[in-house]
Amino acid sequence: MTRRLAQVAKKVGVSEATVSRVLNGKPGVSDSTRQAVLSALDVLGYERPTQLRGERARLVGLVLPELQNPIFPAFAEVIGGALAQLGLTPVLCTQTKGGVSEADYVELLLQQQVSGVVFAGGLYAQADAPHDHYRQLADRNIPVVLVNAAIEHLGFPCVSCDDAVAVEQAYRHLASLGHERIGLVLGPGDHMPSGRKLAAARVLAPDLPDEHVARAMFSLEGGQAAATRLLDQGVTGIICASDPLALGAVRAARRRGLTVPGDVSVVGYDDSAFMNCTEPPLTTVRQPIEAMGRAAVELLNAQIGGSSVTAEELLFEPELVVRGSTAQAPRR
């Protein structure tokens, strides 16, 4: 019991005495704190006291494309924790290849009468993907917030990291190290954040050759294949649209017998978990996950509370984190 009190108190950010008062039905606790404690019980997997089981917590869907890329568990932790503090219970929906689709999850969430849905890295960022399930949510007036670069006309508020600034930081860093042949490993052609990154790169380097831009699925293997094509073109610096893509680029260089950063410099994107533990530690552009996640929850909670939220995009500044995967360009 003591351990349970401590865990719930830490999750909500209140004292153990406050948690005890809620569990025992004692007065002197605000309704928002009471709901947050009950939601934390649900999130941590503890059963509610018998007298409180009839009070079902308000549910919010948190839809992610995968959990292999550490950026998505990081977003889930921030968003889930912020929801719990508001007395909202996150329902994690993770897509798997050949498994439940994003549209299927939306159907299940609607059946559960969720209070709202947060999408991070979903089909809304792909112009050619099906979007009917988003319209279904809009038609039912379900509060929705999207994380990172939605396509236009969906009509939902969006919280994004500024892709143009991210590429500018990475490109200028490599250029300052003397790299002249810089390539990009990006996502599929209809992927909105990748499109923004490419547009920013072409502003910085108007003569960027098409063969210095390689497309890939977001995976280590995809990054390796795309980077191999860039190495064939003689690039010495590679900017990647995610950290797993960057790790694939490092592997591609090593398979060629090249060293990172001696022969090839690699920059990732996200600064997801353990990127400072890779060999070499990865230079990457950090997304402000904490600030973005909390902003997404604030926007969602405002909608749930009946407030009007404009369907515009909030852009957050990234930060270049220089580590060991970038160095002076090799002398030819």
# chains A, B, ... in the order shown; residues from 1 in each chain; ligands from 1
call {"tool": "residues_around", "arguments": {"residues": "A:Pro65", "least_positions_apart": "2", "cutoff": "9 Å", "atoms": "only C-alpha atoms", "output": "NGL selection string"}}
result
:A and (63 or 67 or 72 or 93-96 or 102 or 119-123)
call {"tool": "write_last_selection", "arguments": {"atoms": "N, CA and C atoms", "output": "tab-separated table (two decimals), in the first residue's frame"}}
result
chain	number	residue	atom	x	y	z
A	63	VAL	N	-2.43	7.72	-30.34
A	63	VAL	CA	-2.18	6.84	-31.49
A	63	VAL	C	-0.77	7.09	-32.03
A	67	LEU	N	6.72	1.69	-31.92
A	67	LEU	CA	7.45	1.94	-30.68
A	67	LEU	C	8.93	1.64	-30.83
A	72	PHE	N	8.95	7.86	-30.25
A	72	PHE	CA	7.52	7.70	-29.99
A	72	PHE	C	7.23	7.28	-28.54
A	93	CYS	N	-2.44	3.34	-28.49
A	93	CYS	CA	-2.77	2.58	-29.70
A	93	CYS	C	-1.56	2.59	-30.63
A	94	THR	N	-0.89	1.46	-30.76
A	94	THR	CA	0.32	1.38	-31.57
A	94	THR	C	0.07	0.50	-32.78
A	95	GLN	N	0.34	1.04	-33.96
A	95	GLN	CA	0.15	0.26	-35.17
A	95	GLN	C	1.27	-0.76	-35.35
A	96	THR	N	0.93	-1.88	-35.91
A	96	THR	CA	1.93	-2.89	-36.25
A	96	THR	C	1.72	-3.30	-37.71
A	102	GLU	N	-4.58	2.42	-38.32
A	102	GLU	CA	-4.96	3.66	-37.65
A	102	GLU	C	-6.47	3.85	-37.70
A	119	PHE	N	-2.71	12.25	-32.03
A	119	PHE	CA	-1.96	11.45	-33.01
A	119	PHE	C	-0.53	11.97	-33.08
A	120	ALA	N	0.45	11.07	-33.05
A	120	ALA	CA	1.85	11.47	-33.22
A	120	ALA	C	2.45	10.60	-34.32
A	121	GLY	N	2.89	11.23	-35.41
A	121	GLY	CA	3.51	10.48	-36.49
A	121	GLY	C	2.55	9.59	-37.25
A	122	GLY	N	1.34	10.07	-37.52
A	122	GLY	CA	0.33	9.25	-38.18
A	122	GLY	C	0.21	9.51	-39.67
A	123	LEU	N	-0.86	8.95	-40.24
A	123	LEU	CA	-1.09	9.06	-41.68
A	123	LEU	C	-1.42	10.48	-42.11
call {"tool": "closest_atom_pairs", "arguments": {"of": "stretch 229-279 of chain A", "to": "stretch 183-199 of chain A", "cutoff": "7 Å", "atoms": "only C-alpha atoms", "output": "JSON lines"}}
result
{"residue": "A:Leu230", "atom": "CA", "partner": "A:Gly183", "partner_atom": "CA", "distance": 6.5}
{"residue": "A:Val235", "atom": "CA", "partner": "A:Gly183", "partner_atom": "CA", "distance": 6.1}
{"residue": "A:Gly237", "atom": "CA", "partner": "A:Gly183", "partner_atom": "CA", "distance": 6.2}
{"residue": "A:Ile238", "atom": "CA", "partner": "A:Gly183", "partner_atom": "CA", "distance": 4.9}
{"residue": "A:Ile239", "atom": "CA", "partner": "A:Leu184", "partner_atom": "CA", "distance": 4.8}
{"residue": "A:Cys240", "atom": "CA", "partner": "A:Val185", "partner_atom": "CA", "distance": 4.7}
{"residue": "A:Ala241", "atom": "CA", "partner": "A:Leu186", "partner_atom": "CA", "distance": 5.2}
call {"tool": "atom_distance", "arguments": {"atom1": "atom CA of A:Ala226", "atom2": "atom CA of A:Val250"}}
result
11.3 Å
call {"tool": "closest_residue", "arguments": {"among": "A:Pro244, A:Gly178, A:Pro281, A:Gly222", "to": "A:Gln328", "atoms": "only C-alpha atoms"}}
result
A:Gly178
call {"tool": "select_by_dssp", "arguments": {"residues": "stretch 135-165 of chain A", "states": "strand (DSSP E)", "output": "PDB file with N, CA and C atoms, in the first residue's frame"}}
result
ATOM      1  N   VAL A 144      -9.267  16.659 -31.265  1.00  0.00           N
ATOM      2  CA  VAL A 144      -8.098  15.991 -31.837  1.00  0.00           C
ATOM      3  C   VAL A 144      -6.932  16.975 -31.882  1.00  0.00           C
ATOM      4  N   VAL A 145      -5.730  16.474 -31.596  1.00  0.00           N
ATOM      5  CA  VAL A 145      -4.503  17.250 -31.785  1.00  0.00           C
ATOM      6  C   VAL A 145      -3.507  16.371 -32.528  1.00  0.00           C
ATOM      7  N   LEU A 146      -2.807  16.952 -33.494  1.00  0.00           N
ATOM      8  CA  LEU A 146      -1.814  16.237 -34.285  1.00  0.00           C
ATOM      9  C   LEU A 146      -0.417  16.728 -33.910  1.00  0.00           C
ATOM     10  N   VAL A 147       0.536  15.800 -33.859  1.00  0.00           N
ATOM     11  CA  VAL A 147       1.919  16.147 -33.535  1.00  0.00           C
ATOM     12  C   VAL A 147       2.779  15.967 -34.785  1.00  0.00           C
ATOM     13  N   CYS A 158      -2.325  21.602 -34.595  1.00  0.00           N
ATOM     14  CA  CYS A 158      -1.136  20.777 -34.764  1.00  0.00           C
ATOM     15  C   CYS A 158       0.040  21.391 -34.004  1.00  0.00           C
ATOM     16  N   VAL A 159       0.842  20.529 -33.397  1.00  0.00           N
ATOM     17  CA  VAL A 159       2.049  20.935 -32.675  1.00  0.00           C
ATOM     18  C   VAL A 159       3.237  20.319 -33.415  1.00  0.00           C
ATOM     19  N   SER A 160       4.152  21.149 -33.893  1.00  0.00           N
ATOM     20  CA  SER A 160       5.236  20.640 -34.737  1.00  0.00           C
ATOM     21  C   SER A 160       6.589  21.197 -34.338  1.00  0.00           C
ATOM     22  N   CYS A 161       7.616  20.411 -34.611  1.00  0.00           N
ATOM     23  CA  CYS A 161       8.990  20.906 -34.556  1.00  0.00           C
ATOM     24  C   CYS A 161       9.284  21.539 -35.916  1.00  0.00           C
TER      25      CYS A 161
END
call {"tool": "closest_residue", "arguments": {"among": "A:Val309, A:Ile289, A:Val321, A:Leu83", "to": "A:Gly268", "atoms": "only C-alpha atoms"}}
result
A:Val321
call {"tool": "closest_residue", "arguments": {"among": "A:Glu107, A:Glu290, A:Asp31, A:Glu211", "to": "A:Phe75", "atoms": "only C-alpha atoms"}}
result
A:Glu290
call {"tool": "select_by_dssp", "arguments": {"residues": "stretch 105-264 of chain A", "states": "helix (DSSP H, G or I)", "output": "JSON, numbers by chain"}}
result
{"A": [105, 106, 107, 108, 109, 110, 111, 123, 124, 125, 132, 133, 134, 135, 136, 137, 138, 139, 163, 164, 165, 166, 167, 168, 169, 170, 171, 172, 173, 174, 175, 176, 192, 193, 194, 195, 196, 197, 198, 199, 200, 201, 202, 203, 204, 210, 211, 212, 220, 221, 222, 223, 224, 225, 226, 227, 228, 229, 230, 231, 232, 243, 244, 245, 246, 247, 248, 249, 250, 251, 252, 253, 254, 255]}
call {"tool": "residues_around", "arguments": {"residues": "A:Ala40", "least_positions_apart": "4", "cutoff": "9 Å", "atoms": "only C-alpha atoms", "output": "VMD selection string"}}
result
chain A and resid 7 to 9 11 to 12 35 to 36 44 to 46 81 84 to 85 87 to 89
call {"tool": "closest_residue", "arguments": {"among": "A:Ser32, A:Ser307, A:Gln287, A:Thr326", "to": "A:Ala246", "atoms": "only C-alpha atoms"}}
result
A:Thr326
